[in-house]
>>> print(open('my_file-v1.csv').read())   # CSV, C-alpha atoms
chain,number,residue,atom,x,y,z
A,2,MET,CA,-7.6,0.7,-0.4
A,3,ALA,CA,-5.8,-1.4,-3.0
A,4,VAL,CA,-6.7,-1.1,-6.6
A,5,SER,CA,-6.0,-3.4,-9.5
A,6,THR,CA,-2.7,-3.3,-11.5
A,7,GLU,CA,-4.4,-1.8,-14.5
A,8,VAL,CA,-6.0,1.0,-12.5
A,9,SER,CA,-2.8,1.7,-10.7
A,10,PHE,CA,-0.9,1.9,-14.0
A,11,ILE,CA,-3.4,4.4,-15.4
A,12,ALA,CA,-3.5,6.5,-12.1
A,13,SER,CA,0.3,6.6,-11.8
A,14,SER,CA,0.7,7.5,-15.4
A,15,ALA,CA,-1.8,10.3,-15.1
A,16,ILE,CA,-0.2,11.7,-12.0
A,17,THR,CA,3.3,11.5,-13.7
A,18,LEU,CA,2.0,13.6,-16.6
A,19,LEU,CA,0.2,16.1,-14.3
A,20,LEU,CA,3.4,16.6,-12.3
A,21,ILE,CA,5.6,17.1,-15.3
A,22,GLY,CA,3.0,19.5,-16.8
A,23,GLY,CA,2.8,21.3,-13.4
A,24,MET,CA,6.6,21.7,-13.3
A,25,GLN,CA,6.5,23.2,-16.8
A,26,PHE,CA,3.6,25.5,-15.9
A,27,PHE,CA,5.4,26.8,-12.8
A,28,LYS,CA,8.8,26.8,-14.4
A,29,SER,CA,9.5,30.4,-13.8
A,30,VAL,CA,8.5,30.2,-10.1
A,31,LEU,CA,10.5,27.1,-9.5
A,32,ALA,CA,13.6,28.6,-11.0
A,33,SER,CA,13.3,32.0,-9.2
A,34,GLN,CA,14.7,31.1,-5.7
A,35,GLU,CA,17.1,28.6,-4.3
A,36,LEU,CA,14.4,27.0,-2.1
A,37,PHE,CA,12.1,26.6,-5.0
A,38,THR,CA,14.8,24.8,-7.1
A,39,VAL,CA,15.1,22.3,-4.3
A,40,LEU,CA,11.3,21.9,-4.4
A,41,GLY,CA,11.6,21.4,-8.1
A,42,GLY,CA,14.0,18.5,-7.5
A,43,PHE,CA,11.8,17.1,-4.9
A,44,ILE,CA,8.8,17.2,-7.3
A,45,GLY,CA,11.1,15.5,-9.9
A,46,SER,CA,11.7,12.7,-7.4
A,47,ILE,CA,8.0,12.3,-7.0
A,48,VAL,CA,7.8,12.0,-10.8
A,49,PHE,CA,10.4,9.2,-10.5
A,50,VAL,CA,8.4,7.3,-7.9
A,51,PHE,CA,5.1,7.5,-9.9
A,52,LEU,CA,6.9,6.7,-13.2
A,53,LEU,CA,8.6,3.7,-11.7
A,54,THR,CA,5.2,2.6,-10.4
A,55,ALA,CA,3.6,3.0,-13.8
A,56,VAL,CA,6.4,1.0,-15.5
A,57,ALA,CA,6.3,-1.8,-13.0
A,58,ASN,CA,2.5,-2.1,-13.3
A,59,PHE,CA,2.8,-2.0,-17.1
A,60,GLN,CA,5.3,-4.9,-16.9
A,61,SER,CA,3.0,-6.8,-14.6
A,62,VAL,CA,0.1,-6.4,-16.9
A,63,LEU,CA,2.1,-7.2,-20.1
A,64,LEU,CA,4.4,-9.9,-18.8
A,65,GLY,CA,2.5,-11.3,-15.9
A,66,PRO,CA,2.8,-10.8,-12.2
A,67,GLY,CA,5.9,-11.7,-10.2
A,68,ARG,CA,8.5,-10.2,-12.5
A,69,PRO,CA,10.8,-7.9,-10.5
A,70,THR,CA,11.7,-4.4,-11.6
A,71,ARG,CA,15.4,-4.5,-12.5
A,72,LEU,CA,18.0,-1.8,-12.0
A,73,PHE,CA,19.2,-1.2,-15.5
A,74,PRO,CA,16.3,-0.8,-17.9
A,75,GLU,CA,13.5,0.2,-15.6
A,76,VAL,CA,15.0,2.1,-12.7
A,77,ILE,CA,17.7,3.9,-14.6
A,78,GLY,CA,15.3,4.8,-17.4
A,79,CYS,CA,12.7,6.2,-15.0
A,80,LEU,CA,15.5,8.1,-13.2
A,81,LEU,CA,16.7,9.6,-16.5
A,82,VAL,CA,13.2,10.7,-17.5
A,83,ALA,CA,12.7,12.4,-14.1
A,84,MET,CA,16.0,14.1,-14.2
A,85,ILE,CA,15.4,15.4,-17.7
A,86,ALA,CA,12.0,16.7,-16.6
A,87,SER,CA,13.7,18.4,-13.7
A,88,GLY,CA,16.4,19.8,-16.0
A,89,LEU,CA,13.9,21.5,-18.1
A,90,VAL,CA,13.1,23.6,-15.0
A,91,HIS,CA,16.5,24.4,-13.7
A,92,ARG,CA,19.9,22.6,-13.7
A,93,VAL,CA,20.1,22.5,-9.9
A,94,CYS,CA,16.8,20.6,-9.9
A,95,VAL,CA,18.6,17.8,-11.6
A,96,THR,CA,21.0,17.3,-8.7
A,97,THR,CA,18.3,17.5,-6.1
A,98,CYS,CA,16.1,15.2,-8.1
A,99,LEU,CA,18.9,12.6,-8.2
A,100,ILE,CA,19.5,12.9,-4.4
A,101,PHE,CA,15.8,12.7,-3.5
A,102,SER,CA,15.2,9.9,-5.9
A,103,ILE,CA,18.0,7.8,-4.5
A,104,ILE,CA,16.6,8.3,-1.0
A,105,ALA,CA,13.1,7.4,-2.3
A,106,LEU,CA,14.4,4.3,-4.0
A,107,PHE,CA,16.2,3.1,-0.9
A,108,TYR,CA,13.0,3.3,1.1
A,109,MET,CA,10.9,1.8,-1.6
A,110,ASN,CA,13.3,-1.2,-1.7
A,111,ARG,CA,13.2,-1.5,2.1
A,112,ILE,CA,9.4,-1.5,2.1
A,113,SER,CA,9.3,-4.0,-0.7
A,114,GLN,CA,11.7,-6.3,1.1
A,115,LYS,CA,9.5,-6.2,4.2
A,116,ILE,CA,6.4,-7.0,2.3
A,117,TYR,CA,7.5,-9.5,-0.4
A,118,SER,CA,10.6,-11.2,0.9
A,119,VAL,CA,10.3,-14.8,2.1
A,120,ALA,CA,11.7,-15.6,5.5
A,121,VAL,CA,14.6,-18.1,5.2
A,122,SER,CA,15.2,-20.3,8.2
A,123,SER,CA,18.9,-20.9,8.8
A,124,ALA,CA,19.8,-24.5,9.8
A,125,THR,CA,22.3,-24.7,12.6
A,126,PRO,CA,25.1,-27.1,11.8
A,127,SER,CA,25.5,-30.0,14.1
A,128,LYS,CA,28.8,-30.8,15.6
A,129,LYS,CA,30.2,-34.1,14.7
A,130,LYS,CA,32.3,-36.1,17.2
A,131,ARG,CA,35.7,-37.2,16.1
>>> encode(input="my_file-v1.csv", output="C-alpha cells")
Amino acid sequence: MAVSTEVSFIASSAITLLLIGGMQFFKSVLASQELFTVLGGFIGSIVFVFLLTAVANFQSVLLGPGRPTRLFPEVIGCLLVAMIASGLVHRVCVTTCLIFSIIALFYMNRISQKIYSVAVSSATPSKKKR
C-alpha cells in the first residue's frame, strides 16, 4: 500500500527517531558482546535507510517531485548521522554501520534504477557503401 509523500516523510522520521532512541536505550546490551555490536551497526544502517527516505521525501515536498537525491549533501549527510548514532553505542558499530549502509545503498539504487529509469533504444548504425 503506497502512502503520500507527506505521510511517508512523517513515518520515516518517526521510525528514525525511535530506532536511535532504542539504540540508546539498549546501549549497554548492544555493547556487551561482539554479535550485538554487529547488530548495533545493522540497526544503524536501518537508521540510514529511513533517514535517507525522510530526507528525500522532505525534498520532494519542499522542492517538488522529480528531484533526485544526490550523493554529496543528502546521502553523505544521512550516512554521517547514522554513523554518529552508531558510534554513540560502540565504536565497532560505526564500521559495521558503514558496511551495511553501503550494501543497502547499492540495493536501493538498483531498485530505483529498475523502477524509475527510462528504457533507451539504441539505434543500429547503417553501413554505407563506398
>>> residues_around(input="my_file-v1.csv", residues="stretch 61-63 of chain A", least_positions_apart="5", cutoff="7 Å", atoms="only C-alpha atoms", output="list in words")
Thr6, Glu7 and Arg68 of chain A
>>> residues_around(input="my_file-v1.csv", residues="A:Leu99", least_positions_apart="3", cutoff="8 Å", atoms="all atoms listed in the file", output="PyMOL selection string")
chain A and resi 42+46+80+84+95-96+102-103
>>> atom_distance(input="my_file-v1.csv", atom1="atom CA of A:Tyr117", atom2="atom CA of A:Val4")
17.6 Å
>>> atom_distance(input="my_file-v1.csv", atom1="atom CA of A:Phe101", atom2="atom CA of A:Val48")
10.9 Å
>>> atom_distance(input="my_file-v1.csv", atom1="atom CA of A:Lys28", atom2="atom CA of A:Leu53")
23.3 Å
>>> residues_around(input="my_file-v1.csv", residues="A:Val82", least_positions_apart="3", cutoff="9 Å", atoms="only C-alpha atoms", output="MDAnalysis selection string")
chainID A and resid 48:49 52 77:79 85:87
>>> residues_around(input="my_file-v1.csv", residues="A:Val93", least_positions_apart="3", cutoff="10 Å", atoms="all atoms listed in the file", output="PDB file with C-alpha atoms, in the frame of the given file")
ATOM      1  CA  ALA A  32      13.600  28.600 -11.000  1.00  0.00           C
ATOM      2  CA  GLU A  35      17.100  28.600  -4.300  1.00  0.00           C
ATOM      3  CA  THR A  38      14.800  24.800  -7.100  1.00  0.00           C
ATOM      4  CA  VAL A  39      15.100  22.300  -4.300  1.00  0.00           C
ATOM      5  CA  GLY A  41      11.600  21.400  -8.100  1.00  0.00           C
ATOM      6  CA  GLY A  42      14.000  18.500  -7.500  1.00  0.00           C
ATOM      7  CA  SER A  87      13.700  18.400 -13.700  1.00  0.00           C
ATOM      8  CA  GLY A  88      16.400  19.800 -16.000  1.00  0.00           C
ATOM      9  CA  VAL A  90      13.100  23.600 -15.000  1.00  0.00           C
ATOM     10  CA  THR A  96      21.000  17.300  -8.700  1.00  0.00           C
ATOM     11  CA  THR A  97      18.300  17.500  -6.100  1.00  0.00           C
ATOM     12  CA  CYS A  98      16.100  15.200  -8.100  1.00  0.00           C
TER      13      CYS A  98
END
>>> residues_near_point(input="my_file-v1.csv", point="(3.5, -3.3, -12.7)", cutoff="12 Å", atoms="all atoms listed in the file", output="PyMOL selection string")
chain A and resi 5-11+13-14+51-71+75
>>> closest_residue(input="my_file-v1.csv", among="A:Leu36, A:Val76, A:Met109, A:Ala83", to="A:Ile21", atoms="all atoms listed in the file")
A:Ala83
